[in-house]
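One structure is given below, encoded as structure tokens.
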Amino acid sequence: MYNSTDSSSVIQAYSKLGWALFPCHTLEQGACSCGDVSCTSIAKHPLTQNGVKDASKDPSKIADYFAGDYSIANVGLACGESSKVFVLDVDDLSSLEKLENENGSLPKTWKAKTGSGGTHLFFRFDERCVNLKNAVKFAGGLDIRATGGYVILPPSIHKNGKRYEWLVAPNDCELATCPDWLIDLIPKHDAMQKIEKAKTINDRAKLYLQSVPPAISGENGHSVAFGVCCRCVELFGLLTDDELIEALGDWNYRCIPPWNEKELRKKLNDARKKVVTQSSNDDNDDYEDSFPVIDDEAFVGLAGEIVNAIEPETEADKVGVLLSIFTCFGSAIGNQPSFNVGASYHHSNLFACLVGDTASGKGLAWSIANNLFNRCDDAWHKITAFGLSSGEGLVERLADEENENVLTVNETKRLLCVESEFARPITAMRREGNMRWCRFHGRVSLLIGTGVDSFELGWG
């Protein structure tokens, strides 16, 4: 059944598994059905506007997705939490053999052959998997597709014309649980980063509780449960008891035995008496204990489409990528285009700051935008300057070639400055006799990437 070339019947079978599906482009007359002759993701990228985020488990919506002209579309599976499976993508068999020799064989599970000859191994997505990253080339030549990632399912067609097919189909065996040794090897998201990115305080509470150990009878269970309630009140005290009870639901289900609602409400009530929450001491009635989250409206238009397309394939923060693209775009088109704000004109130059921990992806966000604009404009990389630490350095880059001591900038001259250490220009500005950077704000834009524990700076 699952290896049938009748896509409609196979998709119905996938839907019964509770999988979240969405249509992807396929191969038509030797080219990608998107019609772009320069397509770099042939027969693999999503047909829907929001890609994997449009995946659905609703049978009627799935039927609509693959109806009419889309009946021949390739089938995309949203991995991770939505479908309760994650996939080990094996392109290098020797890497897998080495791991199994060192740690033991993987259990029999659903296994698909890709069009390129690799294999997809499917495993149950359980509570150990909530922080798994979509990783490329970990442990040699292995990839992971978890929450936010996707794979193409049989009987889809690969760009080489071959079909994906099941080697061990879902009706051949049970979906296996991944062994601990492989879970330990897979790169993980920082749990607190994931919590901070949640859009609402309710979602943050639920994400936090996913990583909290359950309370177990005979193992100081009452004290553990009370401690969890105290921590919830401390972190999410602005939620009502009803909202906290809902957030505690999945955690409580893991407890042995689970607490009844009356017991949980009693513990929450005692926790509120013990813990002084932020809201009880805050004079501002409008205070909301929440992390800043950028609205989806920021990702409309071409820039937003680019960021959303790239997001599943990179560890860079999407806000950092968006900001880097905007800044690079401003430097690429120069300072002639403008729009009115009141009676004044605003040009495309941007002075922006990226802030994050070391290795949080600030440099990766910049490199994505840099690579994109280098492809769009062959001359653009020539206007990039690295390591400028003084106003004099700017003058040298912008001065007319006929007279290096005179700054005669015409309206089409462009410059993108990149400085990896924020401390350098700040220190330079403080030096006695150094020309101030800010005098040139009409000619040069600024993109700053600032580390929490070490300053990093990118100017555009």
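Naming works like this for the structure tokens: A, B, ... for the chains as they're shown, residue 1 at the start of each chain, ligands 1 onward in shown order.
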
Next item on the list: Determine which residues of segment 154-239 of chain A receive a DSSP assignment of strand (DSSP E or B), computed from the backbone, and state them as a PyMOL selection string.
Entry: chain A and resi 157+163+165-168+176-177+188+216

Margin query: Applying 9 Å and only C-alpha atoms, which residues near segment 109-113 of chain A remain after dropping the ones on its own chain fewer than 6 positions away? List them as an NGL selection string.
Written below: :A and (119-123 or 153-154 or 163-177)

With C-alpha atoms retained, write the just-selected residues as a compact mmCIF listing (two decimals), in the first residue's frame.
```txt
# COMPACT_ATOMS: atom_id res chain seq x y z
CA THR A 119 17.97 6.28 3.53
CA HIS A 120 15.56 7.92 5.97
CA LEU A 121 15.19 6.17 9.33
CA PHE A 122 12.04 7.18 11.25
CA PHE A 123 11.92 7.21 15.06
CA LEU A 153 8.02 10.92 1.46
CA PRO A 154 7.45 8.08 -1.03
CA ARG A 163 11.08 7.68 -6.83
CA TYR A 164 11.41 7.63 -3.07
CA GLU A 165 10.30 4.19 -1.83
CA TRP A 166 9.75 2.34 1.43
CA LEU A 167 12.24 -0.35 2.41
CA VAL A 168 10.41 -0.94 5.71
CA ALA A 169 6.93 0.57 5.46
CA PRO A 170 4.73 1.69 8.40
CA ASN A 171 2.64 -1.49 8.05
CA ASP A 172 5.75 -3.71 8.22
CA CYS A 173 6.72 -3.03 11.84
CA GLU A 174 6.19 -0.71 14.80
CA LEU A 175 7.78 2.74 14.81
CA ALA A 176 10.91 2.32 16.94
CA THR A 177 11.99 4.38 19.92
```

Check: Looking at only C-alpha atoms, which of A:Tyr150, A:Leu88, A:Gly35, A:Ser156 is the one that sits closest to Ser7 of chain A?
Finding: A:Ser156

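Comparing A:Gly161, A:Leu350, A:Leu209, A:Arg145 by their smallest distance to Ala31 of chain A, the closest is A:Gly161 (using only C-alpha atoms).
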
Checklist line | Contacts of Ser211 of chain A within 9 Å, only C-alpha atoms, excl. fewer than 5 positions in-chain, as a PyMOL selection string | finding: chain A and resi 127-128+130+191+251
